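Undergrad: What follows is final_6.txt, made up of compact mmCIF, C-alpha atoms:
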# COMPACT_ATOMS: atom_id res chain seq x y z
CA MET L 27 10.56 64.70 24.09
CA ALA L 28 7.99 64.25 21.31
CA TYR L 29 10.53 65.39 18.71
CA HIS L 30 13.07 62.91 20.01
CA TYR L 31 10.49 60.12 19.82
CA VAL L 32 9.53 60.98 16.22
CA TRP L 33 13.22 61.22 15.24
CA THR L 34 13.98 57.81 16.77
CA LEU L 35 10.94 56.25 15.11
CA SER L 36 11.92 57.70 11.73
CA LEU L 37 15.43 56.36 12.12
CA PHE L 38 14.13 52.92 13.04
CA CYS L 39 11.75 52.87 10.07
CA SER L 40 14.59 53.91 7.76
CA ILE L 41 16.77 51.04 8.97
CA VAL L 42 13.93 48.54 8.55
CA PHE L 43 13.08 49.89 5.09
CA ALA L 44 16.71 49.73 3.93
CA LEU L 45 17.19 46.19 5.24
CA VAL L 46 13.95 44.99 3.65
CA ALA L 47 14.89 46.63 0.36
CA LEU L 48 18.34 45.03 0.57
CA GLY L 49 16.77 41.62 1.20
CA ILE L 50 14.41 41.99 -1.76
CA ALA L 51 17.24 43.18 -4.02
CA ALA L 52 19.42 40.25 -2.94
CA ALA L 53 16.59 37.77 -3.62
CA VAL L 54 15.88 39.22 -7.07
CA TRP L 55 19.59 39.33 -7.87
CA SER L 56 20.05 35.73 -6.76
CA HIS L 57 17.20 34.64 -9.04
CA TYR L 58 18.72 36.56 -11.95
CA ILE L 59 22.11 34.90 -11.37
CA ASP L 60 20.47 31.44 -11.29
CA ILE L 61 18.80 32.13 -14.64
CA HIS L 62 22.04 33.35 -16.24
CA ILE L 63 24.40 30.99 -14.44
CA ASN L 64 25.97 30.00 -17.78
CA ASP L 65 25.95 33.51 -19.22
CA LEU L 66 28.30 35.56 -17.05
CA ARG L 67 28.42 38.34 -19.64
CA ALA L 68 24.74 39.02 -19.02
CA VAL L 69 25.46 39.16 -15.28
CA ARG L 70 28.30 41.58 -15.90
CA ALA L 71 26.10 43.78 -18.10
CA ALA L 72 23.45 43.88 -15.36
CA MET L 73 26.07 44.96 -12.81
CA VAL L 74 27.12 47.81 -15.08
CA LEU L 75 23.51 49.03 -15.25
CA ILE L 76 23.18 48.81 -11.46
CA LEU L 77 26.40 50.77 -11.01
CA LEU L 78 25.24 53.47 -13.43
CA LEU L 79 21.91 53.71 -11.61
CA ALA L 80 23.68 54.13 -8.27
CA PHE L 81 25.96 56.83 -9.65
CA THR L 82 22.97 58.65 -11.16
CA ILE L 83 21.24 58.71 -7.77
CA GLU L 84 24.44 60.07 -6.20
CA LEU L 85 24.49 62.86 -8.79
CA VAL L 86 20.82 63.66 -8.15
CA SER L 87 21.44 63.93 -4.40
CA THR L 88 23.96 66.70 -5.07
CA ALA L 89 21.75 68.36 -7.68
CA LEU L 90 18.96 68.54 -5.09
CA GLY L 91 21.31 70.15 -2.58
CA THR L 92 21.33 67.25 -0.15
CA THR L 93 25.04 66.46 -0.50
CA SER L 94 28.10 68.62 -1.11
CA TRP L 95 29.70 69.28 -4.50
CA TRP L 96 32.66 66.98 -3.84
CA TRP L 97 30.51 63.91 -3.22
CA PRO L 98 29.93 63.07 -6.92
CA ALA L 99 33.68 63.42 -7.52
CA LEU L 100 34.44 60.89 -4.79
CA CYS L 101 31.69 58.59 -6.03
CA PHE L 102 33.02 58.82 -9.57
CA ILE L 103 36.44 57.62 -8.43
CA VAL L 104 35.03 54.86 -6.23
CA ASP L 105 32.33 53.70 -8.63
CA PHE L 106 34.41 53.65 -11.78
CA TRP L 107 38.00 53.05 -10.68
CA GLY L 108 36.68 50.64 -8.06
CA GLY L 109 33.28 49.27 -9.11
CA LEU L 110 33.61 49.36 -12.89
CA ASP L 111 37.17 48.04 -12.68
CA ALA L 112 35.94 45.06 -10.65
CA ILE L 113 33.08 44.44 -13.09
CA LEU L 114 35.40 44.49 -16.10
CA ARG L 115 37.65 41.96 -14.35
CA PHE L 116 34.64 39.84 -13.35
CA PRO L 117 34.63 37.04 -12.33
CA ALA L 118 38.38 37.05 -11.63
CA GLN L 119 39.25 36.57 -7.96
CA HIS L 120 42.25 38.04 -6.15
CA GLN L 121 44.02 37.31 -2.91
CA GLY L 122 43.20 39.59 0.00
CA SER L 123 46.75 40.93 0.01
CA SER L 124 46.82 41.73 -3.72
CA LEU L 125 46.99 45.33 -4.94
CA CYS L 126 43.55 44.98 -6.52
CA SER L 127 41.93 43.87 -3.25
CA VAL L 128 43.70 46.56 -1.24
CA LYS L 129 42.60 49.19 -3.74
CA GLN L 130 38.98 48.05 -3.64
CA LEU L 131 38.93 47.98 0.17
CA THR L 132 40.50 51.43 0.40
CA LEU L 133 38.04 52.95 -2.05
CA GLN L 134 35.02 51.44 -0.30
CA MET L 135 36.27 52.68 3.08
CA ALA L 136 36.76 56.15 1.62
CA LYS L 137 33.16 56.13 0.40
CA ALA L 138 31.84 54.87 3.73
CA VAL L 139 33.76 57.51 5.70
CA GLY L 140 32.94 60.29 3.27
CA LEU L 141 29.19 59.61 3.13
CA PRO L 142 28.19 61.21 6.48
CA PHE L 143 30.42 64.23 5.82
CA SER L 144 28.92 64.73 2.37
CA PHE L 145 25.56 65.93 3.74
CA ARG L 146 25.16 69.68 3.92
CA ASN L 147 23.03 69.24 7.04
CA PHE L 148 23.45 65.80 8.55
CA ARG L 149 20.88 65.65 11.35
CA PRO L 150 17.75 66.28 9.23
CA ASN L 151 19.08 63.81 6.65
CA VAL L 152 20.14 61.03 9.00
CA CYS L 153 17.44 58.74 7.62
CA ILE L 154 18.68 59.29 4.07
CA PHE L 155 22.19 58.55 5.32
CA VAL L 156 21.11 55.20 6.76
CA ILE L 157 19.33 54.21 3.56
CA ALA L 158 22.26 55.33 1.39
CA PHE L 159 24.78 53.52 3.56
CA ILE L 160 22.92 50.22 3.38
CA LEU L 161 21.72 50.35 -0.24
CA ASP L 162 24.82 51.97 -1.69
CA VAL L 163 27.96 51.37 0.36
CA ILE L 164 27.00 47.87 1.50
CA ALA L 165 24.68 46.60 -1.24
CA LEU L 166 26.87 47.18 -4.30
CA PRO L 167 29.87 45.11 -3.09
CA LEU L 168 27.46 42.49 -1.74
CA LEU L 169 25.76 42.06 -5.12
CA TYR L 170 29.16 41.66 -6.77
CA VAL L 171 30.25 38.98 -4.27
CA MET L 172 26.97 37.13 -4.84
CA ALA L 173 27.63 37.03 -8.59
CA VAL L 174 31.10 35.45 -8.35
CA PRO L 175 30.91 31.75 -9.30
CA LEU L 176 31.71 29.24 -6.56
CA ASP L 177 33.68 27.07 -8.96
CA PRO L 178 37.35 28.23 -8.85
CA ALA L 179 37.75 27.15 -12.49
CA LYS L 180 35.28 29.86 -13.51
CA GLN L 181 36.90 32.59 -11.42
CA VAL L 182 38.89 34.03 -14.30
CA ALA L 183 38.36 37.13 -16.42
CA LEU L 184 35.87 36.65 -19.25
CA ASP L 185 38.07 38.48 -21.74
CA GLU L 186 41.62 37.46 -22.57
CA GLY L 187 43.99 39.86 -20.82
CA GLY L 188 41.02 41.45 -19.07
CA ASP L 189 42.38 41.15 -15.54
CA VAL L 190 44.14 44.53 -15.63
CA ASP L 191 43.49 47.80 -13.84
CA LEU L 192 41.08 50.29 -15.41
CA VAL L 193 43.83 52.92 -15.57
CA VAL L 194 45.93 50.53 -17.66
CA ARG L 195 42.96 49.92 -19.95
CA VAL L 196 42.44 53.65 -20.48
CA TRP L 197 46.15 54.18 -21.09
CA ARG L 198 46.26 51.41 -23.71
CA LEU L 199 43.15 52.81 -25.36
CA ALA L 200 44.70 56.27 -25.46
CA GLN L 201 47.92 54.87 -26.89
CA GLY L 202 45.93 53.01 -29.52
CA GLY L 203 44.02 56.17 -30.39
CA ILE L 204 47.28 58.08 -30.82
CA SER L 205 49.02 55.37 -32.82
CA THR L 206 46.07 54.84 -35.17
CA PRO L 207 46.33 58.27 -36.88
CA ARG L 208 50.08 57.76 -37.17
CA GLN L 209 49.51 54.42 -38.84
CA HIS L 210 47.06 56.01 -41.29
CA ILE L 211 49.55 58.76 -42.11
CA ALA L 212 52.39 56.26 -42.59
CA ARG L 213 50.19 54.13 -44.83
CA SER L 214 49.14 57.15 -46.88
CA VAL L 215 52.76 58.22 -47.32
CA SER L 216 53.72 54.69 -48.37
CA LEU L 217 50.89 54.51 -50.90
CA THR L 218 51.83 57.92 -52.25
CA ARG L 219 55.45 56.85 -52.70
CA THR L 220 54.36 53.66 -54.42
CA ALA L 221 52.08 55.59 -56.78
CA LEU L 222 54.83 58.08 -57.62
CA CYS L 223 57.35 55.32 -58.27
CA ALA L 224 54.87 53.51 -60.49
CA GLY L 225 54.22 56.72 -62.41
CA TRP L 226 57.93 57.38 -62.96
CA CYS L 227 58.47 53.77 -64.06
CA ARG L 228 55.69 54.06 -66.63
CA ARG L 229 57.14 57.32 -67.94
CA LEU L 230 60.65 55.83 -68.23
CA GLY L 231 59.25 52.79 -69.99
CA SER L 232 57.40 55.00 -72.47
CA ALA L 233 60.54 57.06 -73.10
CA GLU L 234 62.63 53.94 -73.77
CA LYS L 235 60.05 52.63 -76.25
CA ALA L 236 60.04 55.98 -78.03
CA ASN L 237 63.85 55.99 -78.30
CA ARG L 238 63.86 52.47 -79.73
CA ARG L 239 61.38 53.47 -82.41
CA LEU L 240 63.63 56.36 -83.37
Would you give me this structure, written as structure tokens?
TA:
Amino acid sequence: MAYHYVWTLSLFCSIVFALVALGIAAAVWSHYIDIHINDLRAVRAAMVLILLLAFTIELVSTALGTTSWWWPALCFIVDFWGGLDAILRFPAQHQGSSLCSVKQLTLQMAKAVGLPFSFRNFRPNVCIFVIAFILDVIALPLLYVMAVPLDPAKQVALDEGGDVDLVVRVWRLAQGGISTPRQHIARSVSLTRTALCAGWCRRLGSAEKANRRL
């Protein structure tokens, strides 16, 4: 009976702590957005730092043996293909039925469902689960939604052509990395040909002058 009372009290305190921490984080974040209301790039940079901090904590939880080995892999997919992709598109908005919105919702649901199963021993870590669920699964999307401008005219990607999926970005970057060496090689070959042609032209010109003198 005493153990059950302590367990219930610990769970209640964890919920209160997580909600208070979420409220403080939301207030601080709101103040930061108000200060940088005309500098959305600064807001985007701050969201990247928050995302990296969250992913680092997720890695530490596995390193300490609290969560299973597959948890960081799932978090990597959700945080980067989901979170980072949304941040890079920020502040572009999408319809609820768009592929981007469906992808984001699916990834967040996968993280929410996977979180309780990620613990090696759930019952002793139920308080950590509550805190992680509120400050990780719920807080990160909430902070993003808070940062989106209310003015529809500003709800477009900051970078031209930036409203594309992260996979497409990586693919284009890889294609650019492959094509760049090819371009260097082609340019080197072209310069070599030009130099050889110029050399042969000079030699032919010298030979013609010598024949004329004779």
Undergrad: Rank L:Leu169, L:Val128, L:Val163, L:Ile83 by their smallest atom-to-atom distance to L:Tyr58, using only C-alpha atoms, and report the top residue only.
TA: L:Leu169
Undergrad: Pick out the residues sitting within 10 Å of stretch 65-80 of chain L, and hand them over as a PyMOL selection string; count only C-alpha atoms, and ignore anything fewer than 2 positions along from it in its own chain.
TA: chain L and resi 55+58-63+82-86+101+105-106+109-110+112-117+158+161-162+166+169-170+173-175+180+184-185
Undergrad: Let me make sure I understand: among L:Thr92, L:Gln181, L:Asp189, L:Phe155, which one has the smallest atom-to-atom distance to L:Ala44 if we use only C-alpha atoms?
TA: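 Of L:Thr92, L:Gln181, L:Asp189, L:Phe155, the one nearest L:Ala44, counting only C-alpha atoms, is L:Phe155.
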Undergrad: What gap, in Å, lies between atom CA of L:Leu192 and atom CA of L:Trp107?
TA: 6.3 Å
Undergrad: Please report the interatomic distance between atom CA of L:Val42 and atom CA of L:Ser94 in Å with one decimal.
TA: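 Atom CA of L:Ser94 lies at a distance of 26.4 Å from atom CA of L:Val42.
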Undergrad: Just add N, CA and C atoms to stretch 65-96 of chain L and send it as a compact mmCIF listing (two decimals), keeping the file's coordinate frame.
TA:
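After the write, part-v2.txt holds the following:
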# COMPACT_ATOMS: atom_id res chain seq x y z
N ASP L 65 25.75 32.33 -18.39
CA ASP L 65 25.95 33.51 -19.22
C ASP L 65 26.45 34.65 -18.33
N LEU L 66 27.73 34.57 -17.96
CA LEU L 66 28.30 35.56 -17.05
C LEU L 66 28.39 36.94 -17.68
N ARG L 67 28.39 37.02 -18.99
CA ARG L 67 28.42 38.34 -19.64
C ARG L 67 27.12 39.10 -19.39
N ALA L 68 26.01 38.38 -19.34
CA ALA L 68 24.74 39.02 -19.02
C ALA L 68 24.74 39.51 -17.57
N VAL L 69 25.34 38.73 -16.68
CA VAL L 69 25.46 39.16 -15.28
C VAL L 69 26.33 40.40 -15.18
N ARG L 70 27.41 40.41 -15.91
CA ARG L 70 28.30 41.58 -15.90
C ARG L 70 27.60 42.82 -16.46
N ALA L 71 26.83 42.65 -17.52
CA ALA L 71 26.10 43.78 -18.10
C ALA L 71 25.08 44.34 -17.10
N ALA L 72 24.41 43.44 -16.37
CA ALA L 72 23.45 43.88 -15.36
C ALA L 72 24.14 44.67 -14.25
N MET L 73 25.33 44.24 -13.86
CA MET L 73 26.07 44.96 -12.81
C MET L 73 26.48 46.35 -13.28
N VAL L 74 26.80 46.48 -14.55
CA VAL L 74 27.12 47.81 -15.08
C VAL L 74 25.92 48.73 -14.98
N LEU L 75 24.74 48.22 -15.33
CA LEU L 75 23.51 49.03 -15.25
C LEU L 75 23.22 49.42 -13.80
N ILE L 76 23.41 48.50 -12.88
CA ILE L 76 23.18 48.81 -11.46
C ILE L 76 24.15 49.89 -10.99
N LEU L 77 25.40 49.78 -11.40
CA LEU L 77 26.40 50.77 -11.01
C LEU L 77 26.06 52.14 -11.58
N LEU L 78 25.63 52.20 -12.83
CA LEU L 78 25.24 53.47 -13.43
C LEU L 78 24.03 54.08 -12.74
N LEU L 79 23.08 53.23 -12.34
CA LEU L 79 21.91 53.71 -11.61
C LEU L 79 22.32 54.31 -10.27
N ALA L 80 23.22 53.63 -9.57
CA ALA L 80 23.68 54.13 -8.27
C ALA L 80 24.39 55.47 -8.43
N PHE L 81 25.23 55.58 -9.43
CA PHE L 81 25.96 56.83 -9.65
C PHE L 81 25.01 57.96 -10.03
N THR L 82 23.97 57.64 -10.80
CA THR L 82 22.97 58.65 -11.16
C THR L 82 22.25 59.18 -9.93
N ILE L 83 21.89 58.29 -9.02
CA ILE L 83 21.24 58.71 -7.77
C ILE L 83 22.18 59.59 -6.95
N GLU L 84 23.45 59.26 -6.93
CA GLU L 84 24.44 60.07 -6.20
C GLU L 84 24.55 61.46 -6.81
N LEU L 85 24.47 61.55 -8.13
CA LEU L 85 24.49 62.86 -8.79
C LEU L 85 23.23 63.66 -8.46
N VAL L 86 22.08 62.98 -8.44
CA VAL L 86 20.82 63.66 -8.15
C VAL L 86 20.82 64.20 -6.73
N SER L 87 21.41 63.46 -5.79
CA SER L 87 21.44 63.93 -4.40
C SER L 87 22.19 65.25 -4.27
N THR L 88 23.23 65.43 -5.08
CA THR L 88 23.96 66.70 -5.07
C THR L 88 23.18 67.77 -5.81
N ALA L 89 22.54 67.40 -6.92
CA ALA L 89 21.75 68.36 -7.68
C ALA L 89 20.59 68.92 -6.85
N LEU L 90 20.05 68.10 -5.95
CA LEU L 90 18.96 68.54 -5.09
C LEU L 90 19.44 69.32 -3.87
N GLY L 91 20.75 69.40 -3.70
CA GLY L 91 21.31 70.15 -2.58
C GLY L 91 21.44 69.36 -1.30
N THR L 92 21.23 68.07 -1.36
CA THR L 92 21.33 67.25 -0.15
C THR L 92 22.78 67.00 0.23
N THR L 93 23.63 66.73 -0.76
CA THR L 93 25.04 66.46 -0.50
C THR L 93 25.92 67.55 -1.11
N SER L 94 27.16 67.60 -0.67
CA SER L 94 28.10 68.62 -1.11
C SER L 94 28.60 68.35 -2.53
N TRP L 95 29.25 69.35 -3.10
CA TRP L 95 29.70 69.28 -4.50
C TRP L 95 30.77 68.21 -4.70
N TRP L 96 31.56 67.92 -3.67
CA TRP L 96 32.66 66.98 -3.84
C TRP L 96 32.22 65.52 -3.78
